[in-house]
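Enquirer: I have a structure here, written as structure tokens, and I will follow up with some questions on it.
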Amino acid sequence: MTLHVALVSSYPMPGAEPVGGVEVSSVRLAAALADAGAQVSVVAPGATSRSDHGAVRTIHVEADGRLSLLRALRPWRAAVDGALAELGPDLVHGQGLLTGGLAATDFRGGPRVVTAHGSHAMDTRAARRGPAVEARIALAGRLTRLAVSRADAVVSVHPTASMNVPGRPRRFTYIPNIVDDVFFGLSETRRVPGRVVYCGGDRAIKGIDLLAEAWPLVAAAVAGATLELVGWPENVPLPDALHGATVSGWLDASELRDAFARAAAVVIPSRFEVAPVTLYEAWSARVPVVATCAGGIPGLAEGAATLVEVDARAIADGLIAVIGGAEREPGSQVDTFVTEGSDRSAAAAARAVAAAHLELYGQLLG
């Protein structure tokens, strides 16, 4: 009998590309589960519609979003409940502890799983500040703790539960986000000496200001150093220190693979991260990584990346150390990090992630 899994998640409308980490992760997971033989349905917020994304059935449901946290997301949860009653899945899996997770754990027809992706509190504070923001974070915190307490299993993209899972889940499992297959097995013959790629956009939490302060130091120390900014928002001016960088908007997986294929290093200068997929993509593509010791990065990347303090001078020193040589010497520390990262990235391949999920589902279903 075919297993029927319903994902509750943000998901692109028909014909649209996924936007943001949760959507990208959910699209990749749905496809991987379907490829592994599961029947997959997705319930997502959006204008009411029904469509098929390949083998994945998608139902978008509309809900009144006014004062949603004060109302404990009840209109959205009711809409999801109606869709799930129609679908009749064996198991429901919410993506994200708040919107996806809370609605998923209302389900009473089988096991409930939720995945913790980022940190709602840190992302909210990065976007805005003030008493109203803290009140919003407190409300969201109560709801996410409720989702965790009701879930039969909590999955996190980080191996340490306390990184982004509040409370004490009944069962905790670490499964990384999927890295697109195109990143694996890249040839290193296209590397451009001195080329650094950054994928974090213009948000302060991603450390763009730190990179802007660090880059002139790198350019002065490394002849021919160049910077490529991937995923830069349209109509957002570059920091003055980064004028001259190559800039591109949102890239699909193949285009990002090509950017990584040119890179001598990928830089992650963030002030906070849980488990950046950029790290796994760089590992899969065998590109050296320079990353700050922020949030969950050390727990993932120790021994597989050049880790530096959250400081512009430290970021510059790390990049200079990695790209300053003409070539990456076999047996060097950087080469050892690249090999270790490549080994770790295997767990993020689509087949491996799907297999890990199906094993968990099977255990919950008995």
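Following the order of the structure tokens, first chain is A, next is B, and so on, with residues numbered from 1 inside each chain and ligands from 1 in the order they appear.
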Out of region 23-264 of chain A, which residues get strand (DSSP E or B) from DSSP, as a PyMOL selection string?
Expert: chain A and resi 39-45+49-53+56-61+91-95+112-116+153-156+172-174+179+195-198+226-230+246-248
Enquirer: Got time to write the residues from that selection, N, CA and C atoms, as a tab-separated table (two decimals), in the first residue's frame?
Expert:
chain	number	residue	atom	x	y	z
A	39	GLN	N	2.96	8.78	-2.09
A	39	GLN	CA	1.96	9.70	-2.61
A	39	GLN	C	2.07	10.98	-1.79
A	40	VAL	N	2.25	12.12	-2.44
A	40	VAL	CA	2.51	13.37	-1.73
A	40	VAL	C	1.46	14.41	-2.10
A	41	SER	N	0.85	14.98	-1.08
A	41	SER	CA	-0.04	16.13	-1.25
A	41	SER	C	0.53	17.29	-0.44
A	42	VAL	N	0.24	18.50	-0.86
A	42	VAL	CA	0.69	19.69	-0.15
A	42	VAL	C	-0.50	20.60	0.08
A	43	VAL	N	-0.66	21.07	1.31
A	43	VAL	CA	-1.65	22.09	1.64
A	43	VAL	C	-0.89	23.36	1.99
A	44	ALA	N	-1.20	24.45	1.27
A	44	ALA	CA	-0.41	25.67	1.39
A	44	ALA	C	-1.31	26.89	1.44
A	45	PRO	N	-0.84	27.98	2.03
A	45	PRO	CA	-1.60	29.23	2.00
A	45	PRO	C	-1.53	29.89	0.63
A	49	SER	N	-6.81	27.23	-4.96
A	49	SER	CA	-6.53	26.56	-6.23
A	49	SER	C	-6.12	25.13	-5.96
A	50	ARG	N	-6.20	24.32	-7.00
A	50	ARG	CA	-5.75	22.93	-6.95
A	50	ARG	C	-4.91	22.68	-8.20
A	51	SER	N	-3.80	22.03	-8.02
A	51	SER	CA	-2.92	21.80	-9.16
A	51	SER	C	-2.02	20.61	-8.87
A	52	ASP	N	-1.36	20.16	-9.91
A	52	ASP	CA	-0.38	19.09	-9.78
A	52	ASP	C	0.98	19.62	-10.19
A	53	HIS	N	1.99	19.47	-9.30
A	53	HIS	CA	3.38	19.76	-9.62
A	53	HIS	C	4.05	18.41	-9.88
A	56	VAL	N	3.09	15.59	-7.48
A	56	VAL	CA	2.67	16.17	-6.21
A	56	VAL	C	1.37	16.95	-6.40
A	57	ARG	N	0.36	16.59	-5.64
A	57	ARG	CA	-0.91	17.31	-5.67
A	57	ARG	C	-0.85	18.47	-4.69
A	58	THR	N	-1.25	19.65	-5.13
A	58	THR	CA	-1.17	20.84	-4.28
A	58	THR	C	-2.54	21.48	-4.13
A	59	ILE	N	-2.90	21.79	-2.90
A	59	ILE	CA	-4.13	22.53	-2.60
A	59	ILE	C	-3.73	23.81	-1.88
A	60	HIS	N	-4.01	24.95	-2.50
A	60	HIS	CA	-3.84	26.23	-1.83
A	60	HIS	C	-5.17	26.66	-1.22
A	61	VAL	N	-5.12	27.12	0.02
A	61	VAL	CA	-6.34	27.53	0.72
A	61	VAL	C	-6.19	28.96	1.22
A	91	LEU	N	-0.25	10.39	7.15
A	91	LEU	CA	0.63	11.13	8.05
A	91	LEU	C	0.69	12.58	7.55
A	92	VAL	N	0.79	13.52	8.47
A	92	VAL	CA	0.89	14.94	8.12
A	92	VAL	C	2.21	15.48	8.62
A	93	HIS	N	2.86	16.27	7.78
A	93	HIS	CA	4.18	16.82	8.11
A	93	HIS	C	4.16	18.33	7.86
A	94	GLY	N	4.22	19.11	8.93
A	94	GLY	CA	4.24	20.57	8.83
A	94	GLY	C	5.65	21.09	8.67
A	95	GLN	N	5.83	22.02	7.75
A	95	GLN	CA	7.13	22.63	7.51
A	95	GLN	C	7.17	24.00	8.19
A	112	ARG	N	1.73	13.06	13.47
A	112	ARG	CA	2.01	14.46	13.12
A	112	ARG	C	3.50	14.71	13.28
A	113	VAL	N	4.14	15.20	12.23
A	113	VAL	CA	5.56	15.54	12.23
A	113	VAL	C	5.69	17.01	11.91
A	114	VAL	N	6.62	17.69	12.55
A	114	VAL	CA	6.90	19.08	12.19
A	114	VAL	C	8.41	19.25	12.02
A	115	THR	N	8.79	20.11	11.09
A	115	THR	CA	10.20	20.41	10.86
A	115	THR	C	10.49	21.85	11.26
A	116	ALA	N	11.51	22.02	12.09
A	116	ALA	CA	11.99	23.35	12.47
A	116	ALA	C	13.08	23.76	11.49
A	153	ALA	N	6.72	13.70	16.32
A	153	ALA	CA	8.16	13.80	16.08
A	153	ALA	C	8.47	15.20	15.56
A	154	VAL	N	9.61	15.71	15.98
A	154	VAL	CA	10.11	16.99	15.50
A	154	VAL	C	11.41	16.74	14.76
A	155	VAL	N	11.47	17.23	13.53
A	155	VAL	CA	12.68	17.18	12.72
A	155	VAL	C	13.30	18.56	12.74
A	156	SER	N	14.62	18.64	12.86
A	156	SER	CA	15.30	19.91	12.69
A	156	SER	C	16.40	19.77	11.65
A	172	PHE	N	12.99	13.54	18.63
A	172	PHE	CA	13.75	14.52	17.86
A	172	PHE	C	14.65	13.81	16.86
A	173	THR	N	14.67	14.33	15.63
A	173	THR	CA	15.50	13.76	14.56
A	173	THR	C	16.14	14.89	13.77
A	174	TYR	N	17.40	14.73	13.45
A	174	TYR	CA	18.10	15.68	12.58
A	174	TYR	C	18.12	15.16	11.16
A	179	VAL	N	19.96	19.33	-0.85
A	179	VAL	CA	20.77	20.04	-1.83
A	179	VAL	C	20.46	19.45	-3.20
A	195	ARG	N	38.19	34.29	-6.73
A	195	ARG	CA	36.75	34.56	-6.86
A	195	ARG	C	36.02	34.13	-5.59
A	196	VAL	N	35.25	35.06	-4.99
A	196	VAL	CA	34.48	34.79	-3.77
A	196	VAL	C	33.00	34.98	-4.10
A	197	VAL	N	32.16	34.05	-3.67
A	197	VAL	CA	30.72	34.14	-3.89
A	197	VAL	C	30.01	34.32	-2.55
A	198	TYR	N	29.04	35.26	-2.54
A	198	TYR	CA	28.20	35.54	-1.37
A	198	TYR	C	26.74	35.43	-1.80
A	226	THR	N	38.03	38.91	-6.69
A	226	THR	CA	36.76	39.40	-7.22
A	226	THR	C	35.62	38.84	-6.38
A	227	LEU	N	34.53	39.58	-6.37
A	227	LEU	CA	33.38	39.21	-5.53
A	227	LEU	C	32.14	39.07	-6.42
A	228	GLU	N	31.40	38.01	-6.20
A	228	GLU	CA	30.14	37.79	-6.90
A	228	GLU	C	29.01	37.71	-5.87
A	229	LEU	N	28.03	38.61	-6.02
A	229	LEU	CA	26.88	38.65	-5.12
A	229	LEU	C	25.70	37.99	-5.81
A	230	VAL	N	25.24	36.90	-5.25
A	230	VAL	CA	24.15	36.12	-5.83
A	230	VAL	C	22.88	36.34	-5.00
A	246	THR	N	30.38	41.58	-9.21
A	246	THR	CA	29.40	40.99	-10.13
A	246	THR	C	28.12	40.71	-9.36
A	247	VAL	N	26.99	41.16	-9.90
A	247	VAL	CA	25.73	41.07	-9.17
A	247	VAL	C	24.70	40.32	-10.01
A	248	SER	N	23.99	39.41	-9.37
A	248	SER	CA	22.89	38.72	-10.03
A	248	SER	C	21.73	38.58	-9.06
Enquirer: Excluding Pro298 (chain A) and its own-chain neighbours fewer than 4 positions away, which residues fall within 12 Å of it when counting only C-alpha atoms? Please give them as an NGL selection string.
Expert: :A and (158-160 or 163 or 272-276 or 279 or 290-294 or 302-310)
Enquirer: How many Å separate CA of Trp215 (chain A) from CA of Gly231 (chain A)?
Expert: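 Here the two named atoms are 18.1 Å from each other.
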Enquirer: In Å, rounded to a single decimal, give me how far CA of Leu242 (chain A) is from CA of Glu329 (chain A).
Expert: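 Rounded to one decimal, the two atoms are 29.0 Å apart.
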Enquirer: Which one of A:Ala83, A:Ile205, A:Leu319, A:Ala220 sits closest to Thr48 (chain A) if you count only C-alpha atoms?
Expert: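 Once distances to Thr48 (chain A) are computed over only C-alpha atoms, the minimum belongs to A:Ala83.
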Enquirer: In terms of the shortest atom-to-atom distance over only C-alpha atoms, which of A:Gly101, A:Gly20, A:Gly88, A:Gly324 is closest to Leu73 (chain A)?
Expert: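 Among the listed residues, the smallest separation from Leu73 (chain A) belongs to A:Gly101.
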Enquirer: What separation in Å, quoted to one decimal, exists between CA of Gly318 (chain A) and CA of Ala214 (chain A)?
Expert: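 Between CA of Gly318 (chain A) and CA of Ala214 (chain A) the gap is 10.1 Å.
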Enquirer: Point out the residue among A:Glu281, A:Asp258, A:Asp90, A:Asp209 with the least atom-to-atom distance to Leu7 (chain A), counting only C-alpha atoms.
Expert: A:Asp90
Enquirer: Go through A:Ala6, A:Asp35, A:Ala350, A:His117 one by one, measure the shortest atom-to-atom distance of each to Pro89 (chain A) using only C-alpha atoms, and give the residue with the smallest value.
Expert: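 Closest candidate: A:Ala6.
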